[in-house]
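Shown next: entry-v9.csv, given as CSV, C-alpha atoms and all ligand atoms.
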```csv
chain,number,residue,atom,x,y,z
A,1,CYS,CA,0.0,0.0,0.0
A,2,PRO,CA,1.4,3.5,-0.8
A,3,MET,CA,2.5,5.3,2.3
A,4,LYS,CA,3.3,8.9,3.1
A,5,ILE,CA,6.7,9.2,4.8
A,6,LYS,CA,5.2,11.1,7.7
A,7,ASP,CA,2.7,8.2,8.3
A,8,ILE,CA,5.4,5.5,8.6
A,9,PRO,CA,5.9,5.8,12.4
A,10,GLN,CA,2.2,5.2,12.9
A,11,LYS,CA,2.2,2.3,10.4
A,12,LEU,CA,5.1,0.7,12.3
A,13,ALA,CA,3.3,1.3,15.6
A,14,ASP,CA,0.2,-0.4,14.2
A,15,ILE,CA,2.2,-3.3,13.0
A,16,ARG,CA,3.7,-3.7,16.5
A,17,LYS,CA,0.3,-3.4,18.1
A,18,GLU,CA,-1.0,-6.2,15.9
A,19,ASP,CA,2.0,-8.2,16.9
A,20,ARG,CA,3.1,-8.4,13.3
A,21,PHE,CA,6.4,-6.6,13.5
A,22,ARG,CA,9.1,-8.7,12.0
A,23,ALA,CA,12.9,-8.6,12.4
A,24,VAL,CA,15.8,-10.6,11.0
A,25,HIS,CA,17.3,-13.1,13.5
A,26,ASP,CA,20.8,-13.9,12.4
A,27,LEU,CA,21.5,-17.6,12.1
A,28,ARG,CA,24.7,-19.2,10.8
A,29,MET,CA,24.2,-22.6,9.2
A,30,VAL,CA,27.0,-24.9,10.4
A,31,THR,CA,25.6,-27.9,8.5
A,32,ALA,CA,22.7,-28.1,6.1
A,33,SER,CA,20.4,-28.9,9.0
A,34,ARG,CA,21.9,-27.1,12.0
A,35,GLY,CA,22.3,-23.4,12.7
A,36,VAL,CA,23.8,-21.3,15.5
A,37,ASP,CA,22.7,-17.9,16.6
A,38,ARG,CA,24.9,-15.0,17.8
A,39,ARG,CA,24.6,-16.2,21.4
A,40,GLY,CA,26.0,-19.6,20.4
A,41,LYS,CA,22.6,-21.4,20.8
A,42,GLU,CA,22.2,-24.3,18.4
A,43,TYR,CA,19.1,-25.2,16.5
A,44,ILE,CA,17.9,-28.0,14.3
A,45,VAL,CA,16.5,-26.2,11.4
A,46,PHE,CA,13.2,-27.1,9.7
A,47,ASN,CA,12.5,-23.9,7.8
A,48,SER,CA,15.1,-24.0,5.1
A,49,ASN,CA,14.5,-24.6,1.4
A,50,ASP,CA,17.8,-26.3,1.0
A,51,TYR,CA,15.9,-29.5,0.2
A,52,LEU,CA,18.8,-31.6,-0.8
A,53,GLY,CA,21.4,-30.3,1.6
A,54,MET,CA,23.5,-29.0,-1.3
A,55,THR,CA,24.6,-25.9,0.6
A,56,HIS,CA,27.1,-28.0,2.6
A,57,GLU,CA,27.9,-30.7,0.1
A,58,LYS,CA,31.7,-31.2,-0.1
A,59,GLU,CA,31.8,-31.2,-4.0
A,60,VAL,CA,29.7,-28.1,-4.1
A,61,GLU,CA,31.9,-26.3,-1.6
A,62,GLU,CA,34.9,-27.3,-3.6
A,63,ALA,CA,33.4,-25.9,-6.8
A,64,ALA,CA,32.9,-22.6,-5.0
A,65,ARG,CA,36.6,-22.6,-3.8
A,66,ARG,CA,37.9,-23.4,-7.3
A,67,ALA,CA,35.8,-20.6,-8.9
A,68,VAL,CA,36.9,-17.9,-6.5
A,69,ILE,CA,40.1,-17.4,-8.6
A,70,TYR,CA,37.8,-15.8,-11.3
A,71,GLY,CA,36.9,-13.0,-8.9
A,72,THR,CA,34.5,-12.6,-6.0
A,73,GLY,CA,32.0,-10.6,-8.1
A,74,SER,CA,31.1,-10.7,-11.8
A,75,GLY,CA,31.9,-7.0,-12.3
A,76,GLY,CA,28.7,-6.1,-14.3
A,77,ALA,CA,25.7,-7.2,-16.3
A,78,ARG,CA,26.4,-10.0,-18.7
A,79,LEU,CA,25.6,-8.1,-21.9
A,80,THR,CA,28.1,-5.4,-21.0
A,81,SER,CA,30.8,-6.8,-18.8
A,82,GLY,CA,30.4,-9.7,-16.5
A,83,ALA,CA,30.0,-12.7,-18.9
A,84,VAL,CA,31.5,-15.4,-16.7
A,85,PHE,CA,31.9,-18.8,-18.4
A,86,GLU,CA,30.2,-20.6,-15.5
A,87,LEU,CA,26.8,-18.9,-16.1
A,88,SER,CA,26.7,-19.9,-19.8
A,89,ASP,CA,27.8,-23.5,-18.8
A,90,LEU,CA,25.0,-23.5,-16.2
A,91,GLU,CA,22.4,-22.3,-18.7
A,92,LYS,CA,23.3,-25.2,-21.1
A,93,GLU,CA,23.1,-27.7,-18.3
A,94,ILE,CA,19.7,-26.4,-17.0
A,95,ALA,CA,18.3,-26.5,-20.5
A,96,HIS,CA,19.4,-30.1,-20.9
A,97,TYR,CA,18.0,-31.0,-17.5
A,98,LYS,CA,14.7,-29.3,-18.1
A,99,HIS,CA,14.4,-30.7,-21.7
A,100,LYS,CA,14.3,-27.2,-23.2
A,101,GLU,CA,16.4,-25.6,-26.0
A,102,ASP,CA,17.9,-23.0,-23.8
A,103,ALA,CA,17.9,-21.3,-20.4
A,104,VAL,CA,18.6,-17.8,-19.1
A,105,ILE,CA,20.0,-17.1,-15.6
A,106,PHE,CA,18.6,-14.2,-13.6
A,107,ASN,CA,19.9,-13.0,-10.2
A,108,THR,CA,17.2,-14.4,-8.1
A,109,GLY,CA,14.1,-16.5,-8.6
A,110,TYR,CA,12.1,-13.4,-7.7
A,111,MET,CA,13.7,-11.4,-10.4
A,112,THR,CA,13.1,-14.2,-12.9
A,113,ASN,CA,9.4,-13.9,-12.5
A,114,LEU,CA,9.5,-10.2,-12.7
A,115,GLY,CA,11.8,-10.3,-15.7
A,116,VAL,CA,9.8,-13.0,-17.6
A,117,LEU,CA,6.4,-11.5,-17.1
A,118,TYR,CA,7.4,-7.9,-17.6
A,119,ALA,CA,9.2,-8.8,-20.9
A,120,LEU,CA,6.6,-11.1,-22.3
A,121,ALA,CA,3.2,-9.7,-21.3
A,122,GLY,CA,1.9,-6.2,-21.7
A,123,PRO,CA,-1.2,-4.2,-22.3
A,124,GLY,CA,-3.7,-6.1,-24.4
A,125,ASP,CA,-2.6,-9.5,-23.0
A,126,VAL,CA,-4.3,-11.4,-20.3
A,127,ILE,CA,-2.5,-13.3,-17.5
A,128,PHE,CA,-4.5,-16.1,-15.8
A,129,SER,CA,-2.8,-16.6,-12.4
A,130,ASP,CA,-3.5,-19.1,-9.6
A,131,ALA,CA,-4.7,-17.5,-6.4
A,132,LEU,CA,-1.9,-19.1,-4.4
A,133,ASN,CA,0.9,-18.1,-6.7
A,134,HIS,CA,4.1,-16.8,-5.1
A,135,ALA,CA,4.5,-13.0,-4.5
A,136,SER,CA,7.1,-12.8,-7.3
A,137,ILE,CA,4.5,-14.0,-9.8
A,138,VAL,CA,2.0,-11.6,-8.4
A,139,ASP,CA,4.4,-8.7,-8.7
A,140,GLY,CA,5.5,-9.8,-12.2
A,141,CYS,CA,1.9,-9.8,-13.3
A,142,ARG,CA,1.4,-6.3,-11.8
A,143,ILE,CA,4.4,-4.7,-13.5
A,144,SER,CA,3.6,-6.3,-16.9
A,145,ARG,CA,0.5,-4.1,-17.2
A,146,ALA,CA,-1.4,-7.0,-18.8
A,147,THR,CA,-5.0,-7.7,-17.6
A,148,ILE,CA,-4.8,-10.1,-14.6
A,149,LYS,CA,-7.4,-12.7,-14.0
A,150,VAL,CA,-6.9,-14.7,-10.7
A,151,TYR,CA,-8.5,-18.1,-10.6
A,152,PRO,CA,-9.3,-20.0,-7.4
A,153,HIS,CA,-6.5,-22.3,-6.4
A,154,SER,CA,-6.1,-25.2,-8.8
A,155,ASP,CA,-9.7,-24.9,-9.9
A,156,MET,CA,-9.6,-25.9,-13.6
A,157,GLU,CA,-13.3,-25.3,-14.1
A,158,ALA,CA,-13.1,-21.8,-12.9
A,159,LEU,CA,-10.0,-21.2,-15.0
A,160,GLU,CA,-11.8,-22.5,-18.1
A,161,LYS,CA,-14.7,-20.2,-17.4
A,162,LEU,CA,-12.3,-17.2,-17.2
A,163,LEU,CA,-10.5,-18.2,-20.3
A,164,ARG,CA,-13.8,-18.5,-22.2
A,165,GLU,CA,-15.3,-15.3,-20.9
A,166,THR,CA,-12.3,-13.0,-21.0
A,167,ALA,CA,-11.8,-11.2,-24.3
A,168,CYS,CA,-8.2,-10.9,-25.4
A,169,ASP,CA,-6.7,-9.2,-28.4
A,170,GLY,CA,-3.2,-10.2,-27.5
A,171,GLN,CA,-1.6,-13.2,-25.9
A,172,ARG,CA,-3.0,-15.3,-23.2
A,173,PHE,CA,-0.7,-16.6,-20.4
A,174,ILE,CA,-1.4,-19.1,-17.7
A,175,VAL,CA,1.0,-18.9,-14.8
A,176,THR,CA,1.3,-21.1,-11.8
A,177,ASP,CA,3.6,-22.4,-9.1
A,178,GLY,CA,4.6,-26.1,-9.9
A,179,VAL,CA,4.6,-26.9,-6.1
A,180,PHE,CA,2.8,-24.3,-4.0
A,181,SER,CA,5.2,-22.9,-1.5
A,182,MET,CA,2.9,-22.6,1.5
A,183,ASP,CA,0.7,-25.7,0.9
A,184,GLY,CA,3.2,-28.0,-0.7
A,185,ASP,CA,0.6,-29.3,-3.2
A,186,VAL,CA,1.4,-29.9,-6.9
A,187,ALA,CA,-0.3,-27.9,-9.7
A,188,ASP,CA,-2.7,-29.8,-12.0
A,189,LEU,CA,-0.4,-29.9,-15.0
A,190,PRO,CA,-2.6,-32.2,-17.1
A,191,GLY,CA,-5.6,-29.8,-16.6
A,192,LEU,CA,-3.4,-26.7,-17.3
A,193,VAL,CA,-1.9,-28.2,-20.5
A,194,GLY,CA,-5.3,-29.2,-21.8
A,195,LEU,CA,-6.6,-25.6,-21.2
A,196,LYS,CA,-3.6,-23.9,-22.6
A,197,GLU,CA,-3.9,-25.9,-25.8
A,198,LYS,CA,-7.6,-25.4,-26.1
A,199,TYR,CA,-7.3,-21.6,-25.6
A,200,GLY,CA,-4.0,-21.0,-27.3
A,201,ALA,CA,-2.3,-19.7,-24.1
A,202,LEU,CA,1.4,-19.8,-23.1
A,203,LEU,CA,1.9,-21.9,-20.0
A,204,ILE,CA,4.5,-20.7,-17.5
A,205,VAL,CA,5.3,-23.0,-14.5
A,206,ASP,CA,7.5,-21.9,-11.6
A,207,ASP,CA,9.2,-25.0,-10.3
A,208,ALA,CA,11.1,-23.2,-7.5
A,209,HIS,CA,9.9,-25.9,-5.0
A,210,ALA,CA,9.6,-28.7,-7.5
A,211,THR,CA,13.1,-28.9,-9.0
A,212,GLY,CA,15.1,-31.5,-7.1
A,213,VAL,CA,12.0,-32.5,-5.2
A,214,ILE,CA,9.4,-34.1,-7.4
A,215,GLY,CA,9.6,-36.4,-10.5
A,216,ASP,CA,11.8,-39.5,-10.5
A,217,THR,CA,15.0,-37.5,-11.2
A,218,GLY,CA,13.9,-34.2,-9.6
A,219,ARG,CA,13.1,-32.6,-13.0
A,220,GLY,CA,10.0,-31.1,-11.4
A,221,THR,CA,6.3,-30.9,-12.3
A,222,ALA,CA,6.6,-32.1,-15.9
A,223,GLU,CA,8.4,-35.3,-14.8
A,224,TYR,CA,6.0,-35.8,-11.9
A,225,TYR,CA,3.2,-36.1,-14.4
A,226,HIS,CA,5.3,-37.8,-17.1
A,227,MET,CA,4.3,-35.2,-19.6
A,228,GLU,CA,5.7,-32.1,-21.4
A,229,GLY,CA,3.6,-29.1,-22.4
A,230,ILE,CA,5.2,-26.3,-20.2
A,231,ASP,CA,6.2,-23.5,-22.6
A,232,LEU,CA,8.3,-21.6,-20.1
A,233,GLN,CA,9.9,-23.2,-17.1
A,234,VAL,CA,10.9,-20.9,-14.3
A,235,GLY,CA,13.0,-22.1,-11.4
A,236,THR,CA,15.5,-21.0,-8.8
A,237,LEU,CA,19.0,-21.9,-7.8
A,238,SER,CA,18.3,-21.0,-4.2
A,239,LYS,CA,16.5,-24.0,-3.0
A,240,SER,CA,17.5,-27.6,-4.0
A,241,LEU,CA,20.5,-26.3,-5.9
A,242,GLY,CA,21.9,-24.7,-2.8
A,243,THR,CA,23.0,-21.3,-3.9
A,244,GLU,CA,21.1,-18.2,-5.3
A,245,GLY,CA,19.8,-17.1,-8.6
A,246,GLY,CA,17.0,-18.1,-10.9
A,247,PHE,CA,16.4,-19.3,-14.4
A,248,ALA,CA,13.9,-19.4,-17.2
A,249,ALA,CA,14.1,-22.4,-19.6
A,250,ALA,CA,12.2,-22.3,-23.0
A,251,ASP,CA,12.6,-22.3,-26.7
A,252,ARG,CA,15.6,-20.3,-27.9
A,253,THR,CA,13.3,-17.6,-29.5
A,254,ILE,CA,12.0,-16.8,-26.0
A,255,THR,CA,15.3,-17.0,-24.2
A,256,ASP,CA,17.0,-14.8,-26.9
A,257,TYR,CA,14.2,-12.4,-26.5
A,258,LEU,CA,14.6,-12.3,-22.7
A,259,ARG,CA,18.4,-11.7,-23.0
A,260,ASN,CA,17.6,-8.7,-25.3
A,261,CYS,CA,14.5,-7.3,-23.7
A,262,SER,CA,14.2,-8.3,-20.1
A,263,ARG,CA,15.2,-5.4,-17.9
A,264,PRO,CA,16.3,-7.4,-14.8
A,265,PHE,CA,18.6,-9.4,-17.0
A,266,ILE,CA,20.0,-6.4,-18.9
A,267,PHE,CA,20.4,-3.9,-16.1
A,268,SER,CA,21.6,-5.8,-13.1
A,269,THR,CA,25.1,-7.1,-12.3
A,270,SER,CA,25.1,-10.8,-12.8
A,271,ILE,CA,25.7,-13.4,-10.1
A,272,SER,CA,29.4,-14.4,-9.8
A,273,ALA,CA,31.4,-17.3,-11.2
A,274,ILE,CA,31.4,-18.7,-7.6
A,275,THR,CA,27.6,-18.8,-7.6
A,276,GLY,CA,27.4,-20.2,-11.1
A,277,ALA,CA,30.0,-22.9,-10.4
A,278,THR,CA,28.2,-23.8,-7.2
A,279,ALA,CA,24.8,-24.3,-8.8
A,280,LEU,CA,26.4,-26.2,-11.7
A,281,ALA,CA,28.2,-28.6,-9.3
A,282,ALA,CA,24.9,-29.1,-7.4
A,283,LEU,CA,23.0,-29.8,-10.5
A,284,LYS,CA,25.5,-32.3,-11.8
A,285,LEU,CA,25.5,-34.1,-8.5
A,286,LEU,CA,21.7,-34.3,-8.6
A,287,GLU,CA,21.7,-35.4,-12.3
A,288,GLY,CA,24.5,-38.0,-11.6
A,289,ASN,CA,22.9,-39.5,-8.6
A,290,PRO,CA,19.2,-38.5,-8.1
A,291,GLU,CA,18.5,-41.6,-5.9
A,292,LYS,CA,21.1,-40.5,-3.4
A,293,TYR,CA,19.7,-37.0,-2.8
A,294,MET,CA,16.0,-37.5,-3.6
A,295,GLY,CA,16.0,-40.9,-1.9
A,296,ALA,CA,17.2,-39.3,1.3
A,297,LEU,CA,14.7,-36.5,1.0
A,298,ARG,CA,11.8,-38.9,0.4
A,299,ARG,CA,12.8,-41.2,3.3
A,300,ASN,CA,13.2,-38.3,5.7
A,301,THR,CA,9.9,-36.8,4.6
A,302,LYS,CA,8.1,-40.1,5.0
A,303,TYR,CA,9.7,-40.6,8.5
A,304,MET,CA,8.7,-37.1,9.6
A,305,LYS,CA,5.1,-37.4,8.3
A,306,GLU,CA,4.6,-40.8,10.0
A,307,GLY,CA,6.1,-39.4,13.2
A,308,LEU,CA,3.8,-36.4,13.2
A,309,HIS,CA,0.8,-38.7,12.4
A,310,LYS,CA,1.7,-40.9,15.4
A,311,ALA,CA,2.0,-37.8,17.6
A,312,GLY,CA,-1.5,-36.8,16.5
A,313,ILE,CA,-0.3,-33.7,14.7
A,314,SER,CA,-2.3,-33.2,11.6
A,315,PHE,CA,-0.9,-31.6,8.4
A,316,LEU,CA,-2.1,-30.9,4.9
A,317,PRO,CA,-1.5,-33.9,2.6
A,318,GLY,CA,0.9,-33.7,-0.3
A,319,ASP,CA,3.8,-35.3,-2.2
A,320,THR,CA,6.5,-32.9,-1.2
A,321,SER,CA,8.7,-32.2,1.8
A,322,ILE,CA,6.8,-29.0,2.6
A,323,ILE,CA,4.6,-30.0,5.6
A,324,PRO,CA,2.0,-27.4,6.5
A,325,ILE,CA,0.6,-27.7,10.0
A,326,VAL,CA,-2.4,-25.4,10.0
A,327,MET,CA,-2.9,-23.9,13.5
A,328,GLY,CA,-5.7,-21.4,12.6
A,329,ARG,CA,-5.1,-18.4,14.8
A,330,GLU,CA,-1.9,-16.3,14.3
A,331,GLU,CA,-1.1,-16.4,18.0
A,332,ALA,CA,-1.3,-20.2,18.1
A,333,ALA,CA,1.2,-20.6,15.3
A,334,MET,CA,3.5,-17.9,16.7
A,335,GLU,CA,3.4,-19.4,20.2
A,336,TYR,CA,4.1,-22.9,19.0
A,337,ALA,CA,7.0,-21.8,16.9
A,338,ALA,CA,8.4,-19.8,19.8
A,339,ARG,CA,8.1,-22.7,22.2
A,340,CYS,CA,9.8,-25.1,19.8
A,341,LYS,CA,12.6,-22.5,19.2
A,342,GLU,CA,13.2,-22.2,22.9
A,343,ARG,CA,13.9,-25.9,22.8
A,344,GLY,CA,16.2,-25.8,19.8
A,345,ILE,CA,13.8,-26.6,17.0
A,346,LEU,CA,13.5,-23.9,14.4
A,347,LEU,CA,10.1,-23.8,12.6
A,348,SER,CA,8.5,-21.0,10.5
A,349,ALA,CA,5.2,-19.6,11.6
A,350,ILE,CA,3.4,-18.3,8.5
A,351,ARG,CA,0.6,-15.8,8.9
A,352,PRO,CA,-1.4,-13.5,6.8
A,353,PRO,CA,-0.8,-11.9,4.3
A,354,SER,CA,1.4,-14.9,3.3
A,355,VAL,CA,-1.6,-17.2,3.8
A,356,PRO,CA,-5.3,-16.5,4.1
A,357,LYS,CA,-6.7,-15.3,7.4
A,358,GLY,CA,-7.5,-18.2,9.8
A,359,THR,CA,-5.0,-20.5,8.2
A,360,SER,CA,-1.9,-19.5,10.0
A,361,ARG,CA,0.4,-22.4,10.1
A,362,ILE,CA,3.7,-23.9,10.8
A,363,ARG,CA,5.5,-24.5,7.5
A,364,LEU,CA,7.9,-27.3,8.2
A,365,THR,CA,10.4,-28.4,5.6
A,366,VAL,CA,12.3,-31.6,5.8
A,367,THR,CA,15.6,-32.0,3.9
A,368,ALA,CA,17.8,-34.8,2.7
A,369,ALA,CA,20.4,-33.6,5.2
A,370,HIS,CA,18.5,-34.2,8.4
A,371,THR,CA,19.7,-37.1,10.4
A,372,ARG,CA,17.4,-39.6,12.1
A,373,GLU,CA,18.4,-38.2,15.5
A,374,GLU,CA,17.5,-34.7,14.4
A,375,LEU,CA,14.1,-35.9,13.1
A,376,ASP,CA,13.5,-37.8,16.4
A,377,ARG,CA,14.4,-34.9,18.5
A,378,ALA,CA,12.1,-32.6,16.5
A,379,LEU,CA,9.2,-35.0,16.8
A,380,GLU,CA,9.7,-35.3,20.5
A,381,VAL,CA,9.7,-31.6,21.1
A,382,MET,CA,6.9,-30.9,18.6
A,383,ALA,CA,4.6,-33.6,20.2
A,384,GLU,CA,5.2,-32.3,23.7
A,385,GLU,CA,4.7,-28.6,22.8
A,386,MET,CA,1.6,-29.4,20.8
A,387,LYS,CA,0.1,-31.1,23.8
A,388,SER,CA,0.8,-28.1,26.1
A,389,ILE,CA,-0.3,-25.6,23.5
A,390,ARG,CA,-3.6,-27.4,23.0
A,391,HIS,CA,-4.0,-27.3,26.8
A,392,VAL,CA,-3.5,-23.5,26.7
A,393,ARG,CA,-5.9,-23.0,23.8
A,401,LIG,N1,9.0,-18.6,-6.8
A,401,LIG,C1,8.5,-19.3,-5.8
A,401,LIG,C2,7.4,-20.3,-6.0
A,401,LIG,C3,9.1,-19.2,-4.5
A,401,LIG,O1,8.6,-19.9,-3.5
A,401,LIG,C4,10.2,-18.3,-4.4
A,401,LIG,C5,10.9,-18.1,-3.1
A,401,LIG,N2,10.4,-18.6,-2.0
A,401,LIG,C6,10.6,-17.6,-5.5
A,401,LIG,C7,10.1,-17.8,-6.7
A,401,LIG,C8,11.8,-16.6,-5.3
A,401,LIG,O2,13.0,-17.3,-5.5
A,401,LIG,P1,14.3,-16.7,-4.8
A,401,LIG,O3,14.2,-16.9,-3.4
A,401,LIG,O4,15.4,-17.5,-5.5
A,401,LIG,O5,14.3,-15.2,-5.2
```

Now that the file is in, can you turn its structure into structure tokens?
Amino acid sequence: CPMKIKDIPQKLADIRKEDRFRAVHDLRMVTASRGVDRRGKEYIVFNSNDYLGMTHEKEVEEAARRAVIYGTGSGGARLTSGAVFELSDLEKEIAHYKHKEDAVIFNTGYMTNLGVLYALAGPGDVIFSDALNHASIVDGCRISRATIKVYPHSDMEALEKLLRETACDGQRFIVTDGVFSMDGDVADLPGLVGLKEKYGALLIVDDAHATGVIGDTGRGTAEYYHMEGIDLQVGTLSKSLGTEGGFAAADRTITDYLRNCSRPFIFSTSISAITGATALAALKLLEGNPEKYMGALRRNTKYMKEGLHKAGISFLPGDTSIIPIVMGREEAAMEYAARCKERGILLSAIRPPSVPKGTSRIRLTVTAAHTREELDRALEVMAEEMKSIRHVR
């Protein structure tokens, strides 16, 4: 919401009064599943998107060390100065992995969605967007200046009705998360592909939480359903690939266009050789041995879900390692996360506006890196605290 500078103190006071004031709590990850704060207190971490534990994998760390000789920064945007080899190599590898002709790297997943939607869609076009899409898609839709039609979450009938009833002189786009970040469910790709074909739309799927997580080899939503049909595949390097950055993979006409016309690509200093080499090493590890990483992720997720079930803690169903434990009231989610934190278990309490009112939740993420002992300890603490919080409620 637009805000006059003079009104900011009042706005902050209101946020505090509503108990919504947020601050950054520093945490240093000493392994992919354990962090330590500035006071030296250790936590087992269940709120990271480092799904495969790549941030601390030996070969990945080694790749970062090797690449540092090419400089600690890229020195500029790739079209003008910072065209490090590692990013072009990474683009080729991503295209191969995603079964696309080409890929373009952006500096974050967030900027990828802005860069893609801003460059491809404009006045006269219509973007059909799932109600639970990530904020970066929402913001990309807004800055594109296309007409935006939001359909109820994964409701293919409602989407078809909108497609049928919305006049469009330009291009239609359908855009969706592959795996929804707060609910952990998978988009209805067969339904979306059917509709995009019927109505001549371009289908954009953001596999930020799907890459390295679903599909036999971690290729994401398309592999999960054993089908193709996604025109433009967005993804991030910041989750299962253990670093930071984002990508868009598509036909070469689209990627060439993005390199030439997407402002976040053109006007921002690119990620460094270190980051590119790190992501490339992680991707090659995943491609070379999907069973090792994804097998561990699946076993740990299954173990955690079974443990929660035994402890009587219910969660939204799904095929991913995002486990949403809906608590309802904001205070309940906050209190539960605070109590678990006190006992060394770090969980995220997610509240509106990130999720709809009344569905505040714990968003627990399991990774391939968690040990059995860590999972057991979390289950013990979570079960005990859930009992006492139920008592208080
Ligand atoms: N897309 C989705 C679906 C996400 O969940 C996120 C981040 N949580 C992003 C994009 C942004 O990615 P990044 O954090 O790499 O900017």

Residue neighbourhood Arg299 in chain A, 12 Å, all atoms listed in the file, exclusion window fewer than 5 positions, as an mmCIF file with C-alpha atoms, in the frame of the given file:
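Result written to part.cif:
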```cif
data_model
loop_
_atom_site.group_PDB
_atom_site.id
_atom_site.type_symbol
_atom_site.label_atom_id
_atom_site.label_comp_id
_atom_site.auth_asym_id
_atom_site.auth_seq_id
_atom_site.Cartn_x
_atom_site.Cartn_y
_atom_site.Cartn_z
ATOM 1 C CA GLU A 291 18.500 -41.600 -5.900
ATOM 2 C CA LYS A 292 21.100 -40.500 -3.400
ATOM 3 C CA TYR A 293 19.700 -37.000 -2.800
ATOM 4 C CA MET A 294 16.000 -37.500 -3.600
ATOM 5 C CA MET A 304 8.700 -37.100 9.600
ATOM 6 C CA LYS A 305 5.100 -37.400 8.300
ATOM 7 C CA GLU A 306 4.600 -40.800 10.000
ATOM 8 C CA THR A 320 6.500 -32.900 -1.200
ATOM 9 C CA SER A 321 8.700 -32.200 1.800
ATOM 10 C CA VAL A 366 12.300 -31.600 5.800
ATOM 11 C CA THR A 367 15.600 -32.000 3.900
ATOM 12 C CA ALA A 368 17.800 -34.800 2.700
ATOM 13 C CA ALA A 369 20.400 -33.600 5.200
ATOM 14 C CA HIS A 370 18.500 -34.200 8.400
ATOM 15 C CA THR A 371 19.700 -37.100 10.400
ATOM 16 C CA ARG A 372 17.400 -39.600 12.100
ATOM 17 C CA LEU A 375 14.100 -35.900 13.100
#
```

message: Restricting the calculation to all atoms listed in the file: of A:Ile5, A:Met182, A:Ala337, A:Ile325, which residue gets closest to ligand LIG 401 (chain A)?
response: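 Of A:Ile5, A:Met182, A:Ala337, A:Ile325, the one nearest ligand LIG 401 (chain A), counting all atoms listed in the file, is A:Met182.
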
Counting all atoms listed in the file, which residues in range 165-193 of chain A sit no more than 8 Å from range 215-224 of chain A? For each one, give the nearest pair of atoms and the distance in Å, sorted by chain then residue number, as JSON lines.
```
{"residue": "A:Gly178", "atom": "CA", "partner": "A:Thr221", "partner_atom": "CA", "distance": 5.6}
{"residue": "A:Val179", "atom": "CA", "partner": "A:Thr221", "partner_atom": "CA", "distance": 7.6}
{"residue": "A:Val186", "atom": "CA", "partner": "A:Thr221", "partner_atom": "CA", "distance": 7.4}
{"residue": "A:Ala187", "atom": "CA", "partner": "A:Thr221", "partner_atom": "CA", "distance": 7.7}
{"residue": "A:Leu189", "atom": "CA", "partner": "A:Thr221", "partner_atom": "CA", "distance": 7.3}
```

message: Please report the interatomic distance between CA of Asn113 in chain A and CA of Asp139 in chain A in Å with one decimal.
response: 8.2 Å

field: Test item: residues at most 9 Å from Ser270 in chain A, only C-alpha atoms, excluding those fewer than 4 positions along its chain, as a list in words
entry: Gly73, Ser74, Gly75, Gly76, Ala77, Arg78, Gly82, Ala83, Val84, Leu87, Ile105, Phe106, Asn107 and Phe265 of chain A

- prompt: Closest to ligand LIG 401 (chain A) among A:Lys161, A:His134, A:Arg263, A:Lys387, using only C-alpha atoms and all ligand atoms?
  reply: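 Ranking A:Lys161, A:His134, A:Arg263, A:Lys387 by distance to ligand LIG 401 (chain A), first place goes to A:His134.
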
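Of the residues under consideration (A:Glu244, A:Asp7, A:Asp26, A:Glu157), A:Glu244 shows the shortest atom-to-atom contact distance to ligand LIG 401 (chain A) when counting all atoms listed in the file.
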
- prompt: Leaving out Thr166 in chain A and any residue of its chain fewer than 3 positions from it, which residues lie within 10 Å of it when counting only C-alpha atoms, given as a list of chain:residue names?
  reply: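 The residues that qualify are A:Val126, A:Phe128, A:Thr147, A:Lys149, A:Glu160, A:Lys161, A:Leu162, A:Leu163, A:Arg172.
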
Okay, now the selection with C-alpha atoms, as a PDB file, in the coordinates of the input?
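Result went into out-v7.pdb, see below:
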```pdb
ATOM      1  CA  VAL A 126      -4.300 -11.400 -20.300  1.00  0.00           C
ATOM      2  CA  PHE A 128      -4.500 -16.100 -15.800  1.00  0.00           C
ATOM      3  CA  THR A 147      -5.000  -7.700 -17.600  1.00  0.00           C
ATOM      4  CA  LYS A 149      -7.400 -12.700 -14.000  1.00  0.00           C
ATOM      5  CA  GLU A 160     -11.800 -22.500 -18.100  1.00  0.00           C
ATOM      6  CA  LYS A 161     -14.700 -20.200 -17.400  1.00  0.00           C
ATOM      7  CA  LEU A 162     -12.300 -17.200 -17.200  1.00  0.00           C
ATOM      8  CA  LEU A 163     -10.500 -18.200 -20.300  1.00  0.00           C
ATOM      9  CA  ARG A 172      -3.000 -15.300 -23.200  1.00  0.00           C
TER      10      ARG A 172
END
```
